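Structure data (mmCIF, C-alpha atoms) from protein.cif:
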```cif
data_final
#
loop_
_atom_site.label_atom_id
_atom_site.label_comp_id
_atom_site.auth_asym_id
_atom_site.auth_seq_id
_atom_site.Cartn_x
_atom_site.Cartn_y
_atom_site.Cartn_z
CA MET A 1100 -80.17 98.37 2.24
CA TRP A 1101 -81.29 100.55 5.16
CA ASP A 1102 -81.06 97.55 7.51
CA LEU A 1103 -77.49 96.89 6.31
CA LEU A 1104 -76.49 100.51 6.97
CA GLN A 1105 -77.96 100.25 10.45
CA ALA A 1106 -76.05 97.00 10.94
CA ILE A 1107 -72.77 98.73 10.02
CA VAL A 1108 -73.42 101.45 12.60
CA LEU A 1109 -74.38 98.94 15.29
CA GLY A 1110 -71.39 96.72 14.48
CA THR A 1111 -69.12 99.75 14.84
CA ILE A 1112 -70.68 100.62 18.20
CA GLN A 1113 -70.24 97.01 19.36
CA GLY A 1114 -66.59 96.91 18.26
CA LEU A 1115 -65.77 100.23 19.93
CA THR A 1116 -67.50 99.49 23.23
CA GLU A 1117 -67.10 95.74 23.88
CA PHE A 1118 -63.63 95.97 25.39
CA LEU A 1119 -63.87 99.42 26.93
CA PRO A 1120 -65.43 99.33 30.42
CA ILE A 1121 -68.50 101.25 29.26
CA SER A 1122 -70.93 98.41 28.38
CA SER A 1123 -71.51 97.51 24.75
CA SER A 1124 -74.97 96.11 25.55
CA ALA A 1125 -76.00 99.48 27.04
CA HIS A 1126 -74.86 101.29 23.90
CA LEU A 1127 -76.71 98.81 21.67
CA ARG A 1128 -79.82 99.48 23.73
CA ILE A 1129 -79.56 103.28 24.06
CA PHE A 1130 -78.34 104.49 20.68
CA PRO A 1131 -80.74 102.54 18.43
CA GLU A 1132 -83.54 103.98 20.58
CA LEU A 1133 -82.12 107.49 20.08
CA PHE A 1134 -81.89 106.93 16.33
CA GLY A 1135 -85.50 105.74 16.24
CA TRP A 1136 -84.55 102.20 15.24
CA GLY A 1137 -85.96 100.49 18.32
CA ASP A 1138 -84.41 97.73 20.40
CA PRO A 1139 -82.33 95.44 18.12
CA GLY A 1140 -83.03 92.55 20.49
CA ALA A 1141 -81.04 90.45 22.93
CA ALA A 1142 -80.30 87.78 20.32
CA PHE A 1143 -78.82 90.29 17.85
CA THR A 1144 -76.71 91.82 20.63
CA ALA A 1145 -75.40 88.42 21.73
CA VAL A 1146 -74.64 87.14 18.24
CA ILE A 1147 -72.68 90.16 16.98
CA GLN A 1148 -70.48 89.89 20.08
CA ILE A 1149 -69.05 86.77 18.46
CA GLY A 1150 -67.26 89.14 16.08
CA THR A 1151 -65.49 90.97 18.88
CA GLU A 1152 -64.60 87.71 20.61
CA LEU A 1153 -63.10 86.44 17.35
CA ALA A 1154 -60.88 89.53 17.55
CA VAL A 1155 -59.85 88.42 21.05
CA LEU A 1156 -59.09 84.90 19.83
CA ILE A 1157 -56.82 86.24 17.10
CA TYR A 1158 -55.17 88.97 19.18
CA PHE A 1159 -54.42 86.60 22.07
CA ARG A 1160 -53.92 83.51 19.90
CA HIS A 1161 -50.46 82.77 21.31
CA ASP A 1162 -51.67 83.06 24.92
CA ILE A 1163 -54.78 80.99 24.20
CA TRP A 1164 -52.81 78.26 22.43
CA ARG A 1165 -50.29 78.10 25.26
CA ILE A 1166 -52.98 77.98 27.95
CA GLY A 1167 -55.09 75.45 26.06
CA LYS A 1168 -52.13 73.18 25.37
CA ALA A 1169 -50.93 73.26 28.98
CA TRP A 1170 -54.45 72.62 30.30
CA VAL A 1171 -55.00 69.57 28.04
CA LEU A 1172 -51.59 68.13 28.86
CA SER A 1173 -52.23 68.62 32.58
CA LEU A 1174 -55.22 66.28 32.31
CA PHE A 1175 -52.91 63.40 31.40
CA LYS A 1176 -49.47 64.37 32.68
CA PRO A 1177 -49.13 65.22 36.40
CA GLU A 1178 -45.91 67.20 35.83
CA TRP A 1179 -47.91 69.85 33.89
CA ARG A 1180 -50.47 70.46 36.64
CA GLY A 1181 -48.35 72.91 38.58
CA GLN A 1182 -47.64 75.13 35.58
CA PHE A 1183 -49.25 78.56 35.51
CA ASP A 1184 -50.82 78.15 32.06
CA ALA A 1185 -52.50 74.89 33.10
CA ARG A 1186 -53.91 76.56 36.19
CA MET A 1187 -55.02 79.53 34.11
CA GLY A 1188 -57.06 77.16 31.97
CA TRP A 1189 -58.92 75.98 35.08
CA PHE A 1190 -59.32 79.56 36.33
CA ILE A 1191 -61.00 80.61 33.07
CA ILE A 1192 -63.32 77.58 33.16
CA ILE A 1193 -64.28 78.08 36.81
CA GLY A 1194 -64.59 81.85 36.39
CA SER A 1195 -67.01 81.31 33.48
CA LEU A 1196 -69.42 79.12 35.46
CA PRO A 1197 -71.35 81.91 37.27
CA ILE A 1198 -72.35 83.77 34.10
CA VAL A 1199 -73.24 80.51 32.30
CA VAL A 1200 -75.47 79.26 35.13
CA LEU A 1201 -77.16 82.61 35.75
CA GLY A 1202 -77.49 83.26 32.01
CA VAL A 1203 -79.48 80.05 31.55
CA LEU A 1204 -81.58 80.47 34.69
CA LEU A 1205 -82.41 84.14 34.04
CA LYS A 1206 -82.72 84.02 30.23
CA ASP A 1207 -86.25 85.43 30.05
CA VAL A 1208 -85.58 88.15 32.62
CA ILE A 1209 -82.37 89.18 30.83
CA GLU A 1210 -84.10 89.45 27.44
CA GLU A 1211 -87.07 91.40 28.76
CA ASP A 1212 -86.90 93.08 32.20
CA PHE A 1213 -83.17 93.82 32.33
CA ARG A 1214 -83.31 95.69 29.00
CA ASN A 1215 -85.40 98.45 30.53
CA LEU A 1216 -83.58 101.74 29.94
CA TRP A 1217 -84.19 102.93 33.50
CA ILE A 1218 -82.12 99.97 34.66
CA VAL A 1219 -79.49 100.54 31.96
CA GLY A 1220 -79.02 104.20 32.84
CA THR A 1221 -78.79 103.48 36.56
CA THR A 1222 -76.27 100.66 36.20
CA LEU A 1223 -74.09 102.81 33.93
CA ILE A 1224 -73.78 105.36 36.72
CA VAL A 1225 -73.48 102.99 39.68
CA MET A 1226 -70.96 100.63 38.11
CA GLY A 1227 -69.02 103.59 36.72
CA ILE A 1228 -68.57 104.90 40.26
CA VAL A 1229 -67.61 101.40 41.42
CA LEU A 1230 -64.95 101.22 38.70
CA GLY A 1231 -63.60 104.64 39.67
CA LEU A 1232 -63.34 103.77 43.35
CA ALA A 1233 -61.82 100.34 42.65
CA ASP A 1234 -59.21 101.89 40.37
CA ARG A 1235 -58.44 104.75 42.75
CA PHE A 1236 -57.92 102.66 45.88
CA SER A 1237 -56.37 99.50 44.39
CA THR A 1238 -53.04 98.42 45.89
CA ASP A 1239 -51.93 97.88 42.27
CA ASP A 1240 -49.22 95.40 43.22
CA ARG A 1241 -50.30 92.06 41.74
CA GLU A 1242 -49.44 90.63 38.33
CA ILE A 1243 -51.56 88.18 36.37
CA LYS A 1244 -49.27 85.28 37.33
CA GLN A 1245 -50.30 85.79 40.96
CA ILE A 1246 -53.95 84.95 40.31
CA THR A 1247 -55.53 82.31 42.57
CA LEU A 1248 -58.66 80.17 42.43
CA ARG A 1249 -60.38 82.60 44.80
CA ASP A 1250 -59.52 85.52 42.51
CA ALA A 1251 -60.83 83.66 39.47
CA LEU A 1252 -64.14 82.86 41.18
CA LEU A 1253 -64.63 86.42 42.45
CA MET A 1254 -63.90 87.92 39.04
CA GLY A 1255 -66.23 85.35 37.49
CA LEU A 1256 -69.02 86.42 39.84
CA ALA A 1257 -68.34 90.04 38.92
CA GLN A 1258 -68.50 89.19 35.21
CA ALA A 1259 -71.90 87.57 35.76
CA MET A 1260 -73.28 90.97 36.77
CA ALA A 1261 -72.87 91.99 33.12
CA LEU A 1262 -76.02 90.02 32.33
CA ILE A 1263 -77.62 93.36 33.19
CA PRO A 1264 -77.04 95.79 30.28
CA GLY A 1265 -75.12 98.81 31.53
CA VAL A 1266 -72.86 96.90 33.91
CA SER A 1267 -70.13 96.07 31.33
CA ARG A 1268 -68.51 92.66 31.28
CA SER A 1269 -64.98 94.05 31.13
CA GLY A 1270 -65.83 96.87 33.55
CA ALA A 1271 -67.17 94.55 36.25
CA THR A 1272 -64.30 92.08 35.91
CA ILE A 1273 -61.69 94.85 35.88
CA SER A 1274 -63.31 96.48 38.93
CA MET A 1275 -63.06 93.25 40.89
CA GLY A 1276 -59.51 92.74 39.64
CA ARG A 1277 -58.54 96.19 40.88
CA VAL A 1278 -60.22 95.54 44.26
CA LEU A 1279 -58.09 92.39 44.51
CA GLY A 1280 -54.97 94.48 43.85
CA PHE A 1281 -54.18 93.51 40.26
CA GLN A 1282 -52.38 95.97 38.02
CA ARG A 1283 -54.53 97.61 35.34
CA GLU A 1284 -53.05 95.68 32.42
CA ALA A 1285 -53.27 92.37 34.31
CA ALA A 1286 -56.93 92.93 35.24
CA THR A 1287 -57.77 94.01 31.69
CA ARG A 1288 -55.96 91.09 30.05
CA TYR A 1289 -57.66 88.56 32.31
CA ALA A 1290 -61.06 90.19 31.68
CA PHE A 1291 -60.56 89.64 27.93
CA LEU A 1292 -59.60 85.99 28.37
CA LEU A 1293 -62.39 85.28 30.85
CA ALA A 1294 -65.02 86.68 28.49
CA ILE A 1295 -64.26 84.26 25.65
CA PRO A 1296 -66.26 81.18 26.80
CA ALA A 1297 -69.23 83.24 28.01
CA VAL A 1298 -69.57 85.52 24.98
CA VAL A 1299 -68.99 82.86 22.35
CA GLY A 1300 -71.32 80.48 24.18
CA ALA A 1301 -74.08 83.10 24.49
CA GLY A 1302 -73.74 84.06 20.82
CA LEU A 1303 -73.99 80.48 19.62
CA PHE A 1304 -76.91 79.81 21.97
CA GLU A 1305 -78.84 82.79 20.56
CA LEU A 1306 -78.17 82.00 16.88
CA LYS A 1307 -81.44 80.13 16.59
CA GLU A 1308 -83.36 83.25 17.69
CA ILE A 1309 -82.17 85.50 14.84
CA PRO A 1310 -84.83 84.51 12.25
CA HIS A 1311 -87.67 84.99 14.72
CA GLY A 1312 -90.04 87.93 14.52
CA ASP A 1313 -89.09 89.39 17.92
CA ASN A 1314 -85.70 90.46 16.55
CA THR A 1315 -85.30 93.61 14.47
CA TYR A 1316 -82.69 92.19 12.07
CA GLY A 1317 -82.42 88.99 10.06
CA TRP A 1318 -79.35 87.02 9.04
CA GLY A 1319 -77.95 89.50 6.49
CA PRO A 1320 -77.66 92.55 8.77
CA THR A 1321 -76.57 90.36 11.69
CA ILE A 1322 -73.67 88.91 9.70
CA VAL A 1323 -72.64 92.39 8.49
CA ALA A 1324 -72.70 93.78 12.04
CA THR A 1325 -70.66 90.81 13.29
CA VAL A 1326 -67.95 91.32 10.65
CA VAL A 1327 -67.77 95.06 11.35
CA SER A 1328 -67.56 94.45 15.11
CA PHE A 1329 -64.62 92.10 14.53
CA VAL A 1330 -62.61 94.66 12.54
CA VAL A 1331 -63.30 97.57 14.89
CA GLY A 1332 -62.93 95.41 18.00
CA TYR A 1333 -59.47 94.19 17.02
CA ALA A 1334 -58.22 97.78 16.85
CA ALA A 1335 -59.91 98.60 20.18
CA ILE A 1336 -58.10 95.76 22.00
CA ALA A 1337 -54.66 96.94 20.95
CA TRP A 1338 -55.46 100.54 21.87
CA LEU A 1339 -56.93 99.73 25.30
CA LEU A 1340 -54.02 97.53 26.42
CA ARG A 1341 -51.59 100.31 25.51
CA TYR A 1342 -53.75 102.92 27.19
CA VAL A 1343 -54.18 101.20 30.57
CA SER A 1344 -50.46 100.50 30.90
CA THR A 1345 -49.91 104.21 31.63
CA ASN A 1346 -53.36 105.73 32.32
CA SER A 1347 -56.26 105.35 34.74
CA TYR A 1348 -59.88 104.45 33.95
CA THR A 1349 -61.10 107.92 34.96
CA PRO A 1350 -62.21 109.02 31.43
CA PHE A 1351 -64.38 105.89 31.17
CA VAL A 1352 -65.88 106.55 34.60
CA ILE A 1353 -66.81 110.11 33.62
CA TYR A 1354 -68.26 108.93 30.30
CA ARG A 1355 -70.38 106.26 32.01
CA VAL A 1356 -71.82 108.69 34.53
CA VAL A 1357 -72.59 111.32 31.85
CA LEU A 1358 -74.21 108.77 29.50
CA GLY A 1359 -76.20 107.20 32.34
CA ALA A 1360 -77.41 110.57 33.60
CA ALA A 1361 -78.31 111.70 30.07
CA THR A 1362 -80.27 108.48 29.53
CA LEU A 1363 -82.26 108.97 32.74
CA ILE A 1364 -82.99 112.63 31.86
CA LEU A 1365 -84.17 111.70 28.36
CA LEU A 1366 -86.41 109.02 29.85
CA ALA A 1367 -87.83 111.44 32.42
CA THR A 1368 -88.58 114.04 29.73
CA GLY A 1369 -90.19 111.52 27.40
CA VAL A 1370 -87.56 111.75 24.66
CA LEU A 1371 -86.77 108.06 25.18
CA SER A 1372 -89.13 105.29 26.12
CA ALA A 1373 -87.98 102.57 28.45
#
```

As structure tokens, the full file:
Amino acid sequence: MWDLLQAIVLGTIQGLTEFLPISSSAHLRIFPELFGWGDPGAAFTAVIQIGTELAVLIYFRHDIWRIGKAWVLSLFKPEWRGQFDARMGWFIIIGSLPIVVLGVLLKDVIEEDFRNLWIVGTTLIVMGIVLGLADRFSTDDREIKQITLRDALLMGLAQAMALIPGVSRSGATISMGRVLGFQREAATRYAFLLAIPAVVGAGLFELKEIPHGDNTYGWGPTIVATVVSFVVGYAAIAWLLRYVSTNSYTPFVIYRVVLGAATLILLATGVLSA
């Protein structure tokens, strides 16, 4: 029962933080340590993200269906190849390649070395500042329909940085989008769509690791956390898209820097262990 209660808390944290540019993986590494629960493990973290990506699939179901349909038709009908939705399908595929390749090549490093809290705290601060600067100095004049292959590849490379907990998948992609001049809502929307193949793929890839002894939670708590992350995540998507249409990312930048600094202080004082 205690494991299930912990799973509910961790699923809520995942759902609240996955889409905000504050790094869900950092929160799932820091807060369990603060609570005395230990590291839940890379496999648990990856699998429960399937819940939040299911929320993306449902929330953006019309966009995804339209893009998927246009992309498939473009493979057989030349007249579809110039349509934006067909090109968007290719952009998402190409943009997903960096994180897939690096995720496979660096699997052991990601699951062990990158989960060190000194790294997590530092990346929270550094990438928070990057997000703030990118948002502040963006030309803010491009819509999502103006995306190019170069943009897709650059945002895909930025997303791959999120293999390091603390970077934030959405935060890195949004930062690059803002550097490239995309409006906040456009950068955020594309970040959500781009994350789907990578997150779902990583979650499915790590499913086999859940029963193993090096993970804190078994199937029961993992399933509970995944369901909770879906429910909370769905609400977070709707809120964030409304928020960024009229507000900056400054509150998230401040939160990242404060959390990162607090983590480093707690490590230095021995309250937390890396």

Next on the checklist: For the PyMOL selection byres ((chain A and resi 1147-1160) around 7), applied here, can you spell out every residue it catches as a VMD selection string?
Outcome noted: chain A and resid 1114 1143 to 1146 1161 to 1164 1295 1298 to 1299 1302 1321 1324 to 1326 1328 to 1329 1332 to 1333

Next on the checklist: For this structure, which residues satisfy the selection - the PyMOL selection byres ((chain A and resi 1105) around 12) - when it is evaluated on the file as given? I want them as an NGL selection string.
Outcome noted: :A and (1100-1104 or 1106-1112 or 1127 or 1130-1131 or 1134-1137 or 1139 or 1315-1316 or 1319-1321 or 1323-1324 or 1327)

Checklist entry - Quick one, how far is atom CA of Gly1220 of chain A from atom CA of Glu1305 of chain A? => result 24.7 Å

Checklist entry - In Å, how far is it from atom CA of Lys1307 of chain A to atom CA of Ser1124 of chain A? => result 19.4 Å

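Minimum atom-to-atom distance to Arg1341 of chain A, evaluated using only C-alpha atoms, belongs to A:Ala1285 out of A:Ala1285, A:Ala1297, A:Val1199, A:Ile1322.
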
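Minimum distance to Thr1247 of chain A across A:Phe1118, A:Ile1309, A:Gly1194, A:Leu1363 (counting only C-alpha atoms) occurs at A:Gly1194.
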
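Residue nearest Val1208 of chain A within the list A:Ala1294, A:Trp1170, A:Ala1141, A:Gln1113: A:Ala1141 [criterion: smallest interatomic distance, all atoms listed in the file].
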
Checklist entry - What is the atom CA of Val1266 of chain A to atom CA of Thr1222 of chain A distance in Å? => result 5.6 Å

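Residues in contact range of Pro1296 of chain A, defined as at most 9 Å between only C-alpha atoms, with sequence neighbours fewer than 5 positions away removed, read A:Ile1191, A:Ile1192, A:Ser1195, A:Val1199, A:Ala1301.
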
Can I get the selection written as a PDB file, in the frame of the given file, with C-alpha atoms?
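Wrote it out as again-v5.pdb, contents follow:
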```pdb
ATOM      1  CA  ILE A1191     -61.000  80.610  33.070  1.00  0.00           C
ATOM      2  CA  ILE A1192     -63.320  77.580  33.160  1.00  0.00           C
ATOM      3  CA  SER A1195     -67.010  81.310  33.480  1.00  0.00           C
ATOM      4  CA  VAL A1199     -73.240  80.510  32.300  1.00  0.00           C
ATOM      5  CA  ALA A1301     -74.080  83.100  24.490  1.00  0.00           C
TER       6      ALA A1301
END
```

Next on the checklist: Please list as a count of residues only every residue within 7 Å of Ile1224 of chain A, counting only C-alpha atoms and excluding residues in the same chain fewer than 2 positions away.
Outcome noted: 9

Checklist entry - Ala1125 of chain A: which residues within 9 Å, counting all atoms listed in the file, same-chain residues fewer than 2 positions away excluded, as a list in words? => result Ile1121, Ser1122, Ser1123, Leu1127, Arg1128, Ile1129, Phe1130, Arg1214, Leu1216, Val1219, Gly1220, Leu1223, Ile1263, Pro1264, Gly1265, Val1266 and Ser1267 of chain A

Any chance you could work out the residue set of the PyMOL selection byres ((chain A and resi 1188) around 9) here, as a compact mmCIF listing (two decimals) with C-alpha atoms, in the coordinates of the input?
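Output file expr_0.txt is given in full below:
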```
# COMPACT_ATOMS: atom_id res chain seq x y z
CA ILE A 1163 -54.78 80.99 24.20
CA ILE A 1166 -52.98 77.98 27.95
CA GLY A 1167 -55.09 75.45 26.06
CA ALA A 1169 -50.93 73.26 28.98
CA TRP A 1170 -54.45 72.62 30.30
CA VAL A 1171 -55.00 69.57 28.04
CA PHE A 1183 -49.25 78.56 35.51
CA ASP A 1184 -50.82 78.15 32.06
CA ALA A 1185 -52.50 74.89 33.10
CA ARG A 1186 -53.91 76.56 36.19
CA MET A 1187 -55.02 79.53 34.11
CA TRP A 1189 -58.92 75.98 35.08
CA PHE A 1190 -59.32 79.56 36.33
CA ILE A 1191 -61.00 80.61 33.07
CA ILE A 1192 -63.32 77.58 33.16
CA ILE A 1193 -64.28 78.08 36.81
```

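Considering the residues A:Ile1209, A:Trp1179, A:Pro1350, A:Leu1204 and counting only C-alpha atoms, Ala1261 of chain A has its shortest atom-to-atom contact with A:Ile1209.
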
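Nearest-residue note for Thr1238 of chain A: choosing from A:Val1343, A:Ala1361, A:Ala1335, A:Val1278, the minimum distance belongs to A:Val1278, counting all atoms listed in the file.
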
Checklist entry - Which residue out of A:Leu1365, A:Asp1138, A:Arg1277, A:Ser1173 has the minimum interatomic distance to Arg1235 of chain A when only C-alpha atoms are used? => result A:Arg1277

For segment 1263-1285 of chain A, supply N, CA, C and O atoms and report the output as a CSV table (one decimal), keeping the file's coordinate frame.
```csv
chain,number,residue,atom,x,y,z
A,1263,ILE,N,-76.8,92.2,33.2
A,1263,ILE,CA,-77.6,93.4,33.2
A,1263,ILE,C,-77.0,94.4,32.3
A,1263,ILE,O,-75.9,94.8,32.5
A,1264,PRO,N,-77.6,94.8,31.2
A,1264,PRO,CA,-77.0,95.8,30.3
A,1264,PRO,C,-76.7,97.1,31.1
A,1264,PRO,O,-77.5,97.5,31.9
A,1265,GLY,N,-75.5,97.6,30.8
A,1265,GLY,CA,-75.1,98.8,31.5
A,1265,GLY,C,-74.0,98.5,32.5
A,1265,GLY,O,-73.3,99.4,32.9
A,1266,VAL,N,-73.9,97.3,32.9
A,1266,VAL,CA,-72.9,96.9,33.9
A,1266,VAL,C,-71.5,96.9,33.2
A,1266,VAL,O,-70.5,97.5,33.8
A,1267,SER,N,-71.4,96.3,32.1
A,1267,SER,CA,-70.1,96.1,31.3
A,1267,SER,C,-69.4,94.9,31.8
A,1267,SER,O,-68.9,94.8,33.0
A,1268,ARG,N,-69.2,93.9,30.9
A,1268,ARG,CA,-68.5,92.7,31.3
A,1268,ARG,C,-67.1,93.0,31.7
A,1268,ARG,O,-66.6,92.6,32.7
A,1269,SER,N,-66.4,93.7,30.8
A,1269,SER,CA,-65.0,94.0,31.1
A,1269,SER,C,-64.9,95.0,32.3
A,1269,SER,O,-64.0,94.8,33.2
A,1270,GLY,N,-65.8,95.9,32.4
A,1270,GLY,CA,-65.8,96.9,33.6
A,1270,GLY,C,-66.0,96.2,34.9
A,1270,GLY,O,-65.3,96.5,35.9
A,1271,ALA,N,-66.9,95.2,35.0
A,1271,ALA,CA,-67.2,94.6,36.2
A,1271,ALA,C,-66.0,93.7,36.6
A,1271,ALA,O,-65.6,93.6,37.8
A,1272,THR,N,-65.4,93.0,35.6
A,1272,THR,CA,-64.3,92.1,35.9
A,1272,THR,C,-63.1,92.9,36.3
A,1272,THR,O,-62.3,92.5,37.2
A,1273,ILE,N,-62.8,94.0,35.6
A,1273,ILE,CA,-61.7,94.8,35.9
A,1273,ILE,C,-61.9,95.5,37.3
A,1273,ILE,O,-60.9,95.6,38.0
A,1274,SER,N,-63.1,95.9,37.6
A,1274,SER,CA,-63.3,96.5,38.9
A,1274,SER,C,-62.9,95.5,40.0
A,1274,SER,O,-62.3,95.9,41.0
A,1275,MET,N,-63.4,94.3,39.9
A,1275,MET,CA,-63.1,93.2,40.9
A,1275,MET,C,-61.6,93.0,40.9
A,1275,MET,O,-60.9,92.8,42.0
A,1276,GLY,N,-60.9,92.9,39.7
A,1276,GLY,CA,-59.5,92.7,39.6
A,1276,GLY,C,-58.7,93.8,40.4
A,1276,GLY,O,-57.8,93.6,41.1
A,1277,ARG,N,-59.2,95.1,40.2
A,1277,ARG,CA,-58.5,96.2,40.9
A,1277,ARG,C,-58.7,96.1,42.4
A,1277,ARG,O,-57.8,96.4,43.2
A,1278,VAL,N,-60.0,95.7,42.8
A,1278,VAL,CA,-60.2,95.5,44.3
A,1278,VAL,C,-59.3,94.5,44.8
A,1278,VAL,O,-58.8,94.6,46.0
A,1279,LEU,N,-59.0,93.5,44.1
A,1279,LEU,CA,-58.1,92.4,44.5
A,1279,LEU,C,-56.6,92.8,44.4
A,1279,LEU,O,-55.7,92.0,44.7
A,1280,GLY,N,-56.3,94.0,43.9
A,1280,GLY,CA,-55.0,94.5,43.8
A,1280,GLY,C,-54.2,94.2,42.6
A,1280,GLY,O,-53.0,94.5,42.5
A,1281,PHE,N,-54.9,93.8,41.5
A,1281,PHE,CA,-54.2,93.5,40.3
A,1281,PHE,C,-53.9,94.8,39.5
A,1281,PHE,O,-54.7,95.8,39.5
A,1282,GLN,N,-52.7,94.8,38.8
A,1282,GLN,CA,-52.4,96.0,38.0
A,1282,GLN,C,-53.4,96.1,36.9
A,1282,GLN,O,-54.0,95.2,36.5
A,1283,ARG,N,-53.5,97.3,36.3
A,1283,ARG,CA,-54.5,97.6,35.3
A,1283,ARG,C,-54.4,96.7,34.1
A,1283,ARG,O,-55.4,96.1,33.7
A,1284,GLU,N,-53.2,96.5,33.6
A,1284,GLU,CA,-53.0,95.7,32.4
A,1284,GLU,C,-53.4,94.2,32.7
A,1284,GLU,O,-54.0,93.5,31.9
A,1285,ALA,N,-53.0,93.8,33.9
A,1285,ALA,CA,-53.3,92.4,34.3
A,1285,ALA,C,-54.8,92.1,34.4
A,1285,ALA,O,-55.3,91.1,33.9
```
